[in-house]
$ cat target_25.pdb   # PDB, C-alpha atoms and all ligand atoms
MODEL        1
ATOM      1  CA  MET P   1     124.459 100.612 134.126
ATOM      2  CA  THR P   2     124.277 101.445 130.383
ATOM      3  CA  PRO P   3     122.892 104.926 129.674
ATOM      4  CA  LYS P   4     119.273 105.015 128.418
ATOM      5  CA  LYS P   5     119.226 105.370 124.604
ATOM      6  CA  GLU P   6     117.603 108.539 123.378
ATOM      7  CA  LYS P   7     114.589 107.852 121.111
ATOM      8  CA  ILE P   8     114.806 108.957 117.475
ATOM      9  CA  LYS P   9     112.409 111.699 116.364
ATOM     10  CA  VAL P  10     110.096 110.539 113.576
ATOM     11  CA  GLY P  11     107.083 112.405 112.176
ATOM     12  CA  ILE P  12     103.770 110.544 111.985
ATOM     13  CA  SER P  13     100.273 111.126 110.649
ATOM     14  CA  SER P  14      98.373 111.724 113.911
ATOM     15  CA  CYS P  15      95.540 109.276 113.173
ATOM     16  CA  LEU P  16      98.045 106.370 113.034
ATOM     17  CA  ILE P  17      98.882 106.741 116.724
ATOM     18  CA  GLY P  18      95.223 106.794 117.736
ATOM     19  CA  GLU P  19      94.396 110.503 117.694
ATOM     20  CA  LYS P  20      90.736 110.978 116.754
ATOM     21  CA  VAL P  21      91.333 113.465 113.959
ATOM     22  CA  ARG P  22      89.825 111.736 110.927
ATOM     23  CA  TYR P  23      86.944 113.250 108.960
ATOM     24  CA  ASP P  24      84.520 110.826 110.635
ATOM     25  CA  GLY P  25      85.833 111.497 114.143
ATOM     26  CA  GLY P  26      87.763 108.217 114.264
ATOM     27  CA  HIS P  27      91.420 107.190 114.133
ATOM     28  CA  LYS P  28      93.560 104.573 112.386
ATOM     29  CA  LEU P  29      95.628 103.309 115.297
ATOM     30  CA  ASP P  30      98.357 100.935 114.135
ATOM     31  CA  ARG P  31      99.645  98.811 116.999
ATOM     32  CA  PHE P  32     102.843  97.827 115.205
ATOM     33  CA  ILE P  33     103.696 101.520 114.980
ATOM     34  CA  THR P  34     102.857 102.396 118.578
ATOM     35  CA  ASP P  35     103.922  99.202 120.369
ATOM     36  CA  THR P  36     106.942  98.050 118.344
ATOM     37  CA  LEU P  37     108.418 101.068 116.568
ATOM     38  CA  GLY P  38     107.368 103.271 119.485
ATOM     39  CA  ARG P  39     110.086 101.627 121.608
ATOM     40  CA  TYR P  40     112.739 103.290 119.473
ATOM     41  CA  PHE P  41     111.024 106.315 117.953
ATOM     42  CA  GLU P  42     109.627 109.474 119.535
ATOM     43  CA  TRP P  43     106.559 110.522 117.524
ATOM     44  CA  ILE P  44     106.041 114.039 116.249
ATOM     45  CA  PRO P  45     102.347 113.878 115.214
ATOM     46  CA  VAL P  46     101.009 115.932 112.305
ATOM     47  CA  CYS P  47      97.418 116.118 111.026
ATOM     48  CA  PRO P  48      97.343 118.551 108.085
ATOM     49  CA  GLU P  49      93.547 118.773 107.904
ATOM     50  CA  VAL P  50      93.000 119.613 111.569
ATOM     51  CA  GLU P  51      96.124 121.775 111.895
ATOM     52  CA  CYS P  52      95.128 123.911 108.908
ATOM     53  CA  GLY P  53      91.903 124.742 110.717
ATOM     54  CA  LEU P  54      89.294 122.163 109.669
ATOM     55  CA  PRO P  55      86.957 120.662 112.296
ATOM     56  CA  VAL P  56      86.424 117.066 113.461
ATOM     57  CA  PRO P  57      84.186 115.640 112.108
ATOM     58  CA  ARG P  58      84.325 117.252 108.649
ATOM     59  CA  GLU P  59      83.231 116.511 105.116
ATOM     60  CA  ALA P  60      85.501 114.022 103.324
ATOM     61  CA  MET P  61      87.775 115.446 100.609
ATOM     62  CA  HIS P  62      89.533 114.290  97.493
ATOM     63  CA  LEU P  63      92.064 115.619  95.007
ATOM     64  CA  VAL P  64      90.873 117.047  91.713
ATOM     65  CA  GLY P  65      93.230 118.058  88.919
ATOM     66  CA  THR P  66      96.151 116.754  86.917
ATOM     67  CA  LEU P  67      99.411 115.101  87.894
ATOM     68  CA  GLU P  68     101.046 118.560  87.980
ATOM     69  CA  VAL P  69      98.410 120.609  89.834
ATOM     70  CA  GLN P  70      95.761 119.367  92.220
ATOM     71  CA  ARG P  71      93.098 120.974  94.374
ATOM     72  CA  LEU P  72      91.763 119.651  97.672
ATOM     73  CA  ILE P  73      87.984 119.684  97.380
ATOM     74  CA  THR P  74      85.167 118.357  99.564
ATOM     75  CA  ILE P  75      83.373 115.490  97.872
ATOM     76  CA  LYS P  76      79.710 116.551  98.285
ATOM     77  CA  SER P  77      79.674 120.346  98.610
ATOM     78  CA  ASN P  78      82.663 121.057  96.389
ATOM     79  CA  ILE P  79      84.376 123.389  98.868
ATOM     80  CA  ASP P  80      87.963 124.136  97.892
ATOM     81  CA  HIS P  81      90.431 123.943 100.815
ATOM     82  CA  THR P  82      93.574 124.126  98.677
ATOM     83  CA  GLU P  83      94.768 127.616  99.625
ATOM     84  CA  LYS P  84      94.142 127.121 103.340
ATOM     85  CA  MET P  85      96.134 123.871 103.169
ATOM     86  CA  ARG P  86      98.969 125.328 101.079
ATOM     87  CA  GLN P  87      99.466 128.254 103.458
ATOM     88  CA  TRP P  88      99.594 125.943 106.444
ATOM     89  CA  ILE P  89     102.035 123.583 104.663
ATOM     90  CA  LYS P  90     104.462 126.447 104.010
ATOM     91  CA  LYS P  91     104.671 127.318 107.714
ATOM     92  CA  LYS P  92     104.594 123.721 108.919
ATOM     93  CA  LEU P  93     107.552 122.596 106.803
ATOM     94  CA  GLN P  94     109.734 125.317 108.339
ATOM     95  CA  GLU P  95     108.553 124.328 111.809
ATOM     96  CA  LEU P  96     109.383 120.666 111.112
ATOM     97  CA  GLU P  97     112.873 121.606 109.987
ATOM     98  CA  ARG P  98     113.575 122.686 113.587
ATOM     99  CA  GLU P  99     112.375 119.285 114.904
ATOM    100  CA  GLU P 100     115.341 117.518 113.269
ATOM    101  CA  LEU P 101     113.252 114.515 112.221
ATOM    102  CA  CYS P 102     114.951 111.330 111.025
ATOM    103  CA  GLY P 103     111.935 109.947 109.134
ATOM    104  CA  PHE P 104     108.172 110.224 108.620
ATOM    105  CA  ILE P 105     105.368 107.629 108.517
ATOM    106  CA  PHE P 106     102.377 108.879 106.509
ATOM    107  CA  LYS P 107      98.785 107.655 106.309
ATOM    108  CA  SER P 108      98.292 105.993 102.953
ATOM    109  CA  LYS P 109      95.662 107.068 100.395
ATOM    110  CA  SER P 110      94.908 110.394 102.115
ATOM    111  CA  PRO P 111      94.500 113.437  99.806
ATOM    112  CA  SER P 112      96.424 115.418 102.442
ATOM    113  CA  SER P 113      98.907 112.969 103.987
ATOM    114  CA  GLY P 114      99.466 110.328 101.274
ATOM    115  CA  ILE P 115     102.875 110.002  99.596
ATOM    116  CA  GLY P 116     101.808 107.978  96.547
ATOM    117  CA  GLY P 117      98.872 106.074  95.117
ATOM    118  CA  VAL P 118      96.379 108.803  96.135
ATOM    119  CA  LYS P 119      93.509 109.109  93.617
ATOM    120  CA  ILE P 120      93.471 112.314  91.564
ATOM    121  CA  HIS P 121      90.112 112.883  89.888
ATOM    122  CA  HIS P 122      90.113 114.659  86.552
ATOM    123  CA  PRO P 123      87.920 117.829  86.674
ATOM    124  CA  ALA P 124      86.142 116.894  83.436
ATOM    125  CA  GLY P 125      85.100 113.406  84.386
ATOM    126  CA  SER P 126      85.853 110.133  86.008
ATOM    127  CA  HIS P 127      89.403 109.678  84.726
ATOM    128  CA  ILE P 128      91.541 108.868  87.746
ATOM    129  CA  ARG P 129      95.301 109.113  88.138
ATOM    130  CA  THR P 130      97.345 108.634  91.258
ATOM    131  CA  GLY P 131      99.940 110.756  93.027
ATOM    132  CA  ALA P 132     100.852 112.178  96.434
ATOM    133  CA  GLY P 133      98.597 114.145  98.794
ATOM    134  CA  LEU P 134      99.210 117.879  99.206
ATOM    135  CA  PHE P 135     101.201 117.713 102.441
ATOM    136  CA  GLY P 136     102.883 114.364 101.721
ATOM    137  CA  GLY P 137     104.048 115.588  98.307
ATOM    138  CA  ALA P 138     105.279 118.948  99.606
ATOM    139  CA  PHE P 139     107.090 117.215 102.486
ATOM    140  CA  MET P 140     109.032 114.915 100.131
ATOM    141  CA  LYS P 141     110.087 117.883  97.975
ATOM    142  CA  TYR P 142     111.196 119.910 101.009
ATOM    143  CA  PHE P 143     113.075 117.012 102.681
ATOM    144  CA  PRO P 144     114.204 114.908  99.687
ATOM    145  CA  LEU P 145     116.707 112.806 101.664
ATOM    146  CA  LEU P 146     114.545 112.008 104.667
ATOM    147  CA  PRO P 147     113.290 108.372 104.810
ATOM    148  CA  VAL P 148     109.501 108.196 104.352
ATOM    149  CA  VAL P 149     106.974 105.385 104.195
ATOM    150  CA  ASP P 150     103.200 105.000 104.464
ATOM    151  CA  ASP P 151     101.325 102.627 106.742
ATOM    152  CA  GLY P 152     100.464 100.355 103.800
ATOM    153  CA  ARG P 153     104.073  99.789 102.758
ATOM    154  CA  LEU P 154     105.213  99.577 106.360
ATOM    155  CA  HIS P 155     103.595  96.148 106.504
ATOM    156  CA  ASN P 156     105.710  94.888 103.624
ATOM    157  CA  ASP P 157     108.930  93.285 104.951
ATOM    158  CA  SER P 158     111.384  94.888 102.550
ATOM    159  CA  PHE P 159     109.834  98.390 102.620
ATOM    160  CA  ARG P 160     109.756  98.242 106.413
ATOM    161  CA  ALA P 161     113.385  97.095 106.656
ATOM    162  CA  ASN P 162     114.500  99.835 104.245
ATOM    163  CA  PHE P 163     112.625 102.499 106.144
ATOM    164  CA  VAL P 164     113.829 101.494 109.616
ATOM    165  CA  GLU P 165     117.429 101.154 108.456
ATOM    166  CA  GLY P 166     117.152 104.520 106.692
ATOM    167  CA  VAL P 167     115.980 106.195 109.904
ATOM    168  CA  PHE P 168     118.933 104.836 111.919
ATOM    169  CA  VAL P 169     121.403 105.860 109.190
ATOM    170  CA  TYR P 170     119.875 109.333 109.019
ATOM    171  CA  LYS P 171     120.164 109.690 112.809
ATOM    172  CA  ARG P 172     123.852 108.751 112.703
ATOM    173  CA  TRP P 173     124.406 111.227 109.881
ATOM    174  CA  ARG P 174     122.785 114.019 111.937
ATOM    175  CA  GLU P 175     125.013 113.136 114.906
ATOM    176  CA  PHE P 176     128.080 113.092 112.681
ATOM    177  CA  LEU P 177     127.241 116.568 111.357
ATOM    178  CA  LYS P 178     126.700 117.879 114.894
ATOM    179  CA  GLN P 179     130.005 116.408 116.096
ATOM    180  CA  GLY P 180     131.790 117.951 113.140
ATOM    181  CA  ALA P 181     130.287 121.341 113.945
ATOM    182  CA  SER P 182     131.287 121.169 117.619
ATOM    183  CA  ILE P 183     134.885 120.141 116.769
ATOM    184  CA  LYS P 184     135.053 123.071 114.322
ATOM    185  CA  ASN P 185     133.799 125.464 117.011
ATOM    186  CA  ARG P 186     136.549 124.286 119.402
ATOM    187  CA  GLU P 187     139.320 124.891 116.844
TER     188      GLU P 187
HETATM  189  S1  LIG P 201      95.245 110.953 107.093
HETATM  190 FE1  LIG P 201      96.336 112.856 107.578
HETATM  191  S2  LIG P 201      94.817 114.461 107.369
HETATM  192 FE2  LIG P 201      93.710 112.529 107.485
HETATM  193  S3  LIG P 201      93.231 112.298 109.669
HETATM  194 FE3  LIG P 201      95.156 111.214 109.304
HETATM  195  S4  LIG P 201      96.720 112.721 109.782
HETATM  196 FE4  LIG P 201      94.811 113.867 109.510
ENDMDL
END
$ encode --input "target_25.pdb" --output "structure tokens" --more "lines below"
Ligand code: SF4
Amino acid sequence: MTPKKEKIKVGISSCLIGEKVRYDGGHKLDRFITDTLGRYFEWIPVCPEVECGLPVPREAMHLVGTLEVQRLITIKSNIDHTEKMRQWIKKKLQELEREELCGFIFKSKSPSSGIGGVKIHHPAGSHIRTGAGLFGGAFMKYFPLLPVVDDGRLHNDSFRANFVEGVFVYKRWREFLKQGASIKNRE
């Protein structure tokens, strides 16, 4: 009998695997992610907004600022959650380092989880730019080599193929490094 293949650890925005963590109490379950990719990947779910201490349901937020500096602000009452989120991100990135992830699938368009194309509202008016969400952007800076994708691009054939291939390559690279370290320890 062939030994059972170990699943590859991949981070995921919690709402994409059906966790009811969205601002409106819902989720964004993606069956391709859970039913197809889930055969090969072990999910490490992350919801920045809930994990930094915000409730479900909660007021929707958006990013306000410039391309360089953004703040995470609730849309109606103008409550600024930036510092709370930044402090949580700092701790979470270190925690994720210990998980030895080989990739991450982010929820698109989220001011917290997005990795690109997230609307940034200019404080003085309606001028809108786009960029990454606070956690998604910080994650890519902290783990610059780790393959990442969002659920929107995952449904594009070439982005999906690149991402999945990248995850398998990254896994092999991790194993190679571990093997190298254990050979060195035996010398
Ligand atoms: S998009 Fe991110 S912050 Fe929003 S519910 Fe999903 S995991 Fe949580």
$ atom_distance --input "target_25.pdb" --atom1 "atom CA of Asp30 of chain P" --atom2 "atom CA of Lys84 of chain P"
28.6 Å
$ closest_atom_pairs --input "target_25.pdb" --of "chain P" --to "ligand LIG 201 (chain P)" --cutoff "10 Å" --atoms "only C-alpha atoms and all ligand atoms" --output "JSON lines"
{"residue": "P:Ile12", "atom": "CA", "partner": "P:LIG201", "partner_atom": "S4", "distance": 7.7}
{"residue": "P:Ser13", "atom": "CA", "partner": "P:LIG201", "partner_atom": "S4", "distance": 4.0}
{"residue": "P:Ser14", "atom": "CA", "partner": "P:LIG201", "partner_atom": "S4", "distance": 4.6}
{"residue": "P:Cys15", "atom": "CA", "partner": "P:LIG201", "partner_atom": "FE3", "distance": 4.3}
{"residue": "P:Leu16", "atom": "CA", "partner": "P:LIG201", "partner_atom": "FE3", "distance": 6.8}
{"residue": "P:Ile17", "atom": "CA", "partner": "P:LIG201", "partner_atom": "S4", "distance": 9.4}
{"residue": "P:Gly18", "atom": "CA", "partner": "P:LIG201", "partner_atom": "FE3", "distance": 9.5}
{"residue": "P:Glu19", "atom": "CA", "partner": "P:LIG201", "partner_atom": "S3", "distance": 8.3}
{"residue": "P:Lys20", "atom": "CA", "partner": "P:LIG201", "partner_atom": "S3", "distance": 7.6}
{"residue": "P:Val21", "atom": "CA", "partner": "P:LIG201", "partner_atom": "S3", "distance": 4.8}
{"residue": "P:Arg22", "atom": "CA", "partner": "P:LIG201", "partner_atom": "S3", "distance": 3.7}
{"residue": "P:Tyr23", "atom": "CA", "partner": "P:LIG201", "partner_atom": "S3", "distance": 6.4}
{"residue": "P:Asp24", "atom": "CA", "partner": "P:LIG201", "partner_atom": "S3", "distance": 8.9}
{"residue": "P:Gly25", "atom": "CA", "partner": "P:LIG201", "partner_atom": "S3", "distance": 8.7}
{"residue": "P:Gly26", "atom": "CA", "partner": "P:LIG201", "partner_atom": "S3", "distance": 8.2}
{"residue": "P:His27", "atom": "CA", "partner": "P:LIG201", "partner_atom": "S3", "distance": 7.0}
{"residue": "P:Lys28", "atom": "CA", "partner": "P:LIG201", "partner_atom": "FE3", "distance": 7.5}
{"residue": "P:Leu29", "atom": "CA", "partner": "P:LIG201", "partner_atom": "FE3", "distance": 9.9}
{"residue": "P:Pro45", "atom": "CA", "partner": "P:LIG201", "partner_atom": "S4", "distance": 7.9}
{"residue": "P:Val46", "atom": "CA", "partner": "P:LIG201", "partner_atom": "S4", "distance": 5.9}
{"residue": "P:Cys47", "atom": "CA", "partner": "P:LIG201", "partner_atom": "S4", "distance": 3.7}
{"residue": "P:Pro48", "atom": "CA", "partner": "P:LIG201", "partner_atom": "S2", "distance": 4.9}
{"residue": "P:Glu49", "atom": "CA", "partner": "P:LIG201", "partner_atom": "S2", "distance": 4.5}
{"residue": "P:Val50", "atom": "CA", "partner": "P:LIG201", "partner_atom": "FE4", "distance": 6.4}
{"residue": "P:Glu51", "atom": "CA", "partner": "P:LIG201", "partner_atom": "FE4", "distance": 8.4}
{"residue": "P:Cys52", "atom": "CA", "partner": "P:LIG201", "partner_atom": "S2", "distance": 9.6}
{"residue": "P:Leu54", "atom": "CA", "partner": "P:LIG201", "partner_atom": "S2", "distance": 9.8}
{"residue": "P:Val56", "atom": "CA", "partner": "P:LIG201", "partner_atom": "S3", "distance": 9.1}
{"residue": "P:Pro57", "atom": "CA", "partner": "P:LIG201", "partner_atom": "S3", "distance": 9.9}
{"residue": "P:Ala60", "atom": "CA", "partner": "P:LIG201", "partner_atom": "FE2", "distance": 9.3}
{"residue": "P:Met61", "atom": "CA", "partner": "P:LIG201", "partner_atom": "FE2", "distance": 9.5}
{"residue": "P:Phe106", "atom": "CA", "partner": "P:LIG201", "partner_atom": "FE1", "distance": 7.3}
{"residue": "P:Lys107", "atom": "CA", "partner": "P:LIG201", "partner_atom": "S1", "distance": 4.9}
{"residue": "P:Ser108", "atom": "CA", "partner": "P:LIG201", "partner_atom": "S1", "distance": 7.1}
{"residue": "P:Lys109", "atom": "CA", "partner": "P:LIG201", "partner_atom": "S1", "distance": 7.8}
{"residue": "P:Ser110", "atom": "CA", "partner": "P:LIG201", "partner_atom": "S1", "distance": 5.0}
{"residue": "P:Pro111", "atom": "CA", "partner": "P:LIG201", "partner_atom": "S2", "distance": 7.6}
{"residue": "P:Ser112", "atom": "CA", "partner": "P:LIG201", "partner_atom": "S2", "distance": 5.3}
{"residue": "P:Ser113", "atom": "CA", "partner": "P:LIG201", "partner_atom": "FE1", "distance": 4.4}
{"residue": "P:Gly114", "atom": "CA", "partner": "P:LIG201", "partner_atom": "S1", "distance": 7.2}
{"residue": "P:Gly133", "atom": "CA", "partner": "P:LIG201", "partner_atom": "FE1", "distance": 9.2}
{"residue": "P:Leu134", "atom": "CA", "partner": "P:LIG201", "partner_atom": "S2", "distance": 9.9}
{"residue": "P:Phe135", "atom": "CA", "partner": "P:LIG201", "partner_atom": "FE1", "distance": 8.6}
{"residue": "P:Gly136", "atom": "CA", "partner": "P:LIG201", "partner_atom": "FE1", "distance": 8.9}
$ resolve_selection --input "target_25.pdb" --expression "the PyMOL selection byres (((chain P and resi 116) around 6) and not hetatm)" --output "PyMOL selection string"
chain P and resi 114-115+117-118+131-132
$ write_last_selection --input "target_25.pdb" --atoms "C-alpha atoms" --output "mmCIF file, in the frame of the given file"
data_model
loop_
_atom_site.group_PDB
_atom_site.id
_atom_site.type_symbol
_atom_site.label_atom_id
_atom_site.label_comp_id
_atom_site.auth_asym_id
_atom_site.auth_seq_id
_atom_site.Cartn_x
_atom_site.Cartn_y
_atom_site.Cartn_z
ATOM 1 C CA GLY P 114 99.466 110.328 101.274
ATOM 2 C CA ILE P 115 102.875 110.002 99.596
ATOM 3 C CA GLY P 117 98.872 106.074 95.117
ATOM 4 C CA VAL P 118 96.379 108.803 96.135
ATOM 5 C CA GLY P 131 99.940 110.756 93.027
ATOM 6 C CA ALA P 132 100.852 112.178 96.434
#
$ closest_residue --input "target_25.pdb" --among "P:His127, P:His122, P:His155, P:Arg174" --to "Glu68 of chain P" --atoms "all atoms listed in the file"
P:His122
$ closest_residue --input "target_25.pdb" --among "P:Gly53, P:Gly38, P:Gly137, P:Gly103" --to "Val164 of chain P" --atoms "all atoms listed in the file"
P:Gly103
$ atom_distance --input "target_25.pdb" --atom1 "atom CA of His81 of chain P" --atom2 "atom CA of Glu59 of chain P"
11.2 Å
$ atom_distance --input "target_25.pdb" --atom1 "atom CA of Lys7 of chain P" --atom2 "atom CA of Glu42 of chain P"
5.5 Å
$ residues_around --input "target_25.pdb" --residues "Glu99 of chain P" --least-positions-apart "2" --cutoff "9 Å" --atoms "all atoms listed in the file" --output "list of chain:residue names"
P:Lys9, P:Ile44, P:Glu95, P:Leu96, P:Glu97, P:Leu101
$ residues_around --input "target_25.pdb" --residues "segment 145-147 of chain P" --least-positions-apart "6" --cutoff "8 Å" --atoms "only C-alpha atoms" --output "PyMOL selection string"
chain P and resi 102-104+163+166-167+170
$ write_last_selection --input "target_25.pdb" --atoms "C-alpha atoms" --output "short mmCIF file (atom, residue, chain, number, x, y, z; two decimals), in the frame of the given file"
data_model
loop_
_atom_site.label_atom_id
_atom_site.label_comp_id
_atom_site.auth_asym_id
_atom_site.auth_seq_id
_atom_site.Cartn_x
_atom_site.Cartn_y
_atom_site.Cartn_z
CA CYS P 102 114.95 111.33 111.02
CA GLY P 103 111.94 109.95 109.13
CA PHE P 104 108.17 110.22 108.62
CA PHE P 163 112.62 102.50 106.14
CA GLY P 166 117.15 104.52 106.69
CA VAL P 167 115.98 106.20 109.90
CA TYR P 170 119.88 109.33 109.02
#
$ closest_residue --input "target_25.pdb" --among "P:Ile128, P:Asn156, P:Lys5, P:Tyr40" --to "Gly65 of chain P" --atoms "all atoms listed in the file"
P:Ile128
$ residues_near_point --input "target_25.pdb" --point "(94.0, 112.4, 93.8)" --cutoff "6 Å" --atoms "all atoms listed in the file" --output "list in words"
Leu63, Val64, Val118, Lys119, Ile120, His121 and Thr130 of chain P
$ closest_residue --input "target_25.pdb" --among "P:Arg172, P:Lys141, P:Arg160, P:Arg129" --to "Leu93 of chain P" --atoms "all atoms listed in the file"
P:Lys141
$ closest_residue --input "target_25.pdb" --among "P:Arg31, P:Pro123, P:Glu100, P:Trp173" --to "Arg71 of chain P" --atoms "only C-alpha atoms"
P:Pro123
$ decode --input "target_25.pdb" --residues "segment 73-150 of chain P" --atoms "C-alpha atoms" --output "PDB file, in the first residue's frame"
ATOM      1  CA  ILE P  73     -12.441  52.993   9.023  1.00  0.00           C
ATOM      2  CA  THR P  74     -16.088  52.008   9.467  1.00  0.00           C
ATOM      3  CA  ILE P  75     -18.213  53.366   6.648  1.00  0.00           C
ATOM      4  CA  LYS P  76     -21.101  54.974   8.596  1.00  0.00           C
ATOM      5  CA  SER P  77     -19.763  55.864  12.049  1.00  0.00           C
ATOM      6  CA  ASN P  78     -16.194  56.617  11.013  1.00  0.00           C
ATOM      7  CA  ILE P  79     -14.598  54.471  13.727  1.00  0.00           C
ATOM      8  CA  ASP P  80     -10.894  53.919  13.127  1.00  0.00           C
ATOM      9  CA  HIS P  81      -9.766  50.298  13.661  1.00  0.00           C
ATOM     10  CA  THR P  82      -6.296  50.753  12.166  1.00  0.00           C
ATOM     11  CA  GLU P  83      -4.211  50.478  15.342  1.00  0.00           C
ATOM     12  CA  LYS P  84      -6.128  47.479  16.671  1.00  0.00           C
ATOM     13  CA  MET P  85      -5.612  45.750  13.309  1.00  0.00           C
ATOM     14  CA  ARG P  86      -1.928  46.687  13.015  1.00  0.00           C
ATOM     15  CA  GLN P  87      -1.121  45.347  16.483  1.00  0.00           C
ATOM     16  CA  TRP P  88      -2.858  42.076  15.740  1.00  0.00           C
ATOM     17  CA  ILE P  89      -1.096  41.772  12.348  1.00  0.00           C
ATOM     18  CA  LYS P  90       2.323  42.107  13.998  1.00  0.00           C
ATOM     19  CA  LYS P  91       1.661  39.158  16.320  1.00  0.00           C
ATOM     20  CA  LYS P  92      -0.185  37.089  13.730  1.00  0.00           C
ATOM     21  CA  LEU P  93       2.611  37.210  11.149  1.00  0.00           C
ATOM     22  CA  GLN P  94       5.064  35.768  13.683  1.00  0.00           C
ATOM     23  CA  GLU P  95       2.554  33.072  14.603  1.00  0.00           C
ATOM     24  CA  LEU P  96       2.073  32.180  10.921  1.00  0.00           C
ATOM     25  CA  GLU P  97       5.815  31.856  10.447  1.00  0.00           C
ATOM     26  CA  ARG P  98       5.694  28.837  12.790  1.00  0.00           C
ATOM     27  CA  GLU P  99       2.917  27.234  10.679  1.00  0.00           C
ATOM     28  CA  GLU P 100       5.317  26.753   7.746  1.00  0.00           C
ATOM     29  CA  LEU P 101       2.679  27.658   5.158  1.00  0.00           C
ATOM     30  CA  CYS P 102       3.294  26.943   1.474  1.00  0.00           C
ATOM     31  CA  GLY P 103       0.752  29.463   0.142  1.00  0.00           C
ATOM     32  CA  PHE P 104      -2.232  31.658   1.027  1.00  0.00           C
ATOM     33  CA  ILE P 105      -5.631  32.210  -0.632  1.00  0.00           C
ATOM     34  CA  PHE P 106      -7.093  35.614   0.273  1.00  0.00           C
ATOM     35  CA  LYS P 107     -10.611  37.013  -0.053  1.00  0.00           C
ATOM     36  CA  SER P 108     -10.614  39.557  -2.846  1.00  0.00           C
ATOM     37  CA  LYS P 109     -11.656  43.210  -2.416  1.00  0.00           C
ATOM     38  CA  SER P 110     -11.565  43.104   1.401  1.00  0.00           C
ATOM     39  CA  PRO P 111     -10.002  46.152   3.140  1.00  0.00           C
ATOM     40  CA  SER P 112      -8.409  43.674   5.567  1.00  0.00           C
ATOM     41  CA  SER P 113      -7.704  40.523   3.536  1.00  0.00           C
ATOM     42  CA  GLY P 114      -7.381  41.760  -0.072  1.00  0.00           C
ATOM     43  CA  ILE P 115      -4.025  41.554  -1.871  1.00  0.00           C
ATOM     44  CA  GLY P 116      -4.762  43.985  -4.713  1.00  0.00           C
ATOM     45  CA  GLY P 117      -7.584  45.923  -6.316  1.00  0.00           C
ATOM     46  CA  VAL P 118      -9.005  47.004  -2.924  1.00  0.00           C
ATOM     47  CA  LYS P 119     -10.567  50.497  -3.091  1.00  0.00           C
ATOM     48  CA  ILE P 120      -8.702  53.213  -1.185  1.00  0.00           C
ATOM     49  CA  HIS P 121     -10.853  56.295  -0.645  1.00  0.00           C
ATOM     50  CA  HIS P 122      -9.100  59.642  -0.551  1.00  0.00           C
ATOM     51  CA  PRO P 123      -9.806  61.478   2.768  1.00  0.00           C
ATOM     52  CA  ALA P 124     -10.675  64.715   0.954  1.00  0.00           C
ATOM     53  CA  GLY P 125     -13.232  63.323  -1.428  1.00  0.00           C
ATOM     54  CA  SER P 126     -14.367  60.630  -3.746  1.00  0.00           C
ATOM     55  CA  HIS P 127     -11.066  59.989  -5.517  1.00  0.00           C
ATOM     56  CA  ILE P 128     -10.493  56.246  -5.402  1.00  0.00           C
ATOM     57  CA  ARG P 129      -7.271  54.313  -5.884  1.00  0.00           C
ATOM     58  CA  THR P 130      -6.682  50.628  -5.414  1.00  0.00           C
ATOM     59  CA  GLY P 131      -4.178  48.624  -3.396  1.00  0.00           C
ATOM     60  CA  ALA P 132      -3.923  45.779  -0.886  1.00  0.00           C
ATOM     61  CA  GLY P 133      -5.862  45.391   2.372  1.00  0.00           C
ATOM     62  CA  LEU P 134      -4.014  45.902   5.660  1.00  0.00           C
ATOM     63  CA  PHE P 135      -3.387  42.239   6.464  1.00  0.00           C
ATOM     64  CA  GLY P 136      -3.003  41.081   2.849  1.00  0.00           C
ATOM     65  CA  GLY P 137      -0.432  43.808   2.161  1.00  0.00           C
ATOM     66  CA  ALA P 138       1.523  43.181   5.367  1.00  0.00           C
ATOM     67  CA  PHE P 139       1.499  39.423   4.693  1.00  0.00           C
ATOM     68  CA  MET P 140       3.036  39.845   1.220  1.00  0.00           C
ATOM     69  CA  LYS P 141       5.787  42.088   2.623  1.00  0.00           C
ATOM     70  CA  TYR P 142       6.566  39.652   5.452  1.00  0.00           C
ATOM     71  CA  PHE P 143       6.534  36.528   3.223  1.00  0.00           C
ATOM     72  CA  PRO P 144       7.647  37.909  -0.171  1.00  0.00           C
ATOM     73  CA  LEU P 145       8.368  34.491  -1.718  1.00  0.00           C
ATOM     74  CA  LEU P 146       5.232  32.684  -0.608  1.00  0.00           C
ATOM     75  CA  PRO P 147       2.689  32.023  -3.421  1.00  0.00           C
ATOM     76  CA  VAL P 148      -0.510  34.046  -2.901  1.00  0.00           C
ATOM     77  CA  VAL P 149      -3.736  34.454  -4.834  1.00  0.00           C
ATOM     78  CA  ASP P 150      -7.235  35.794  -4.183  1.00  0.00           C
TER      79      ASP P 150
END
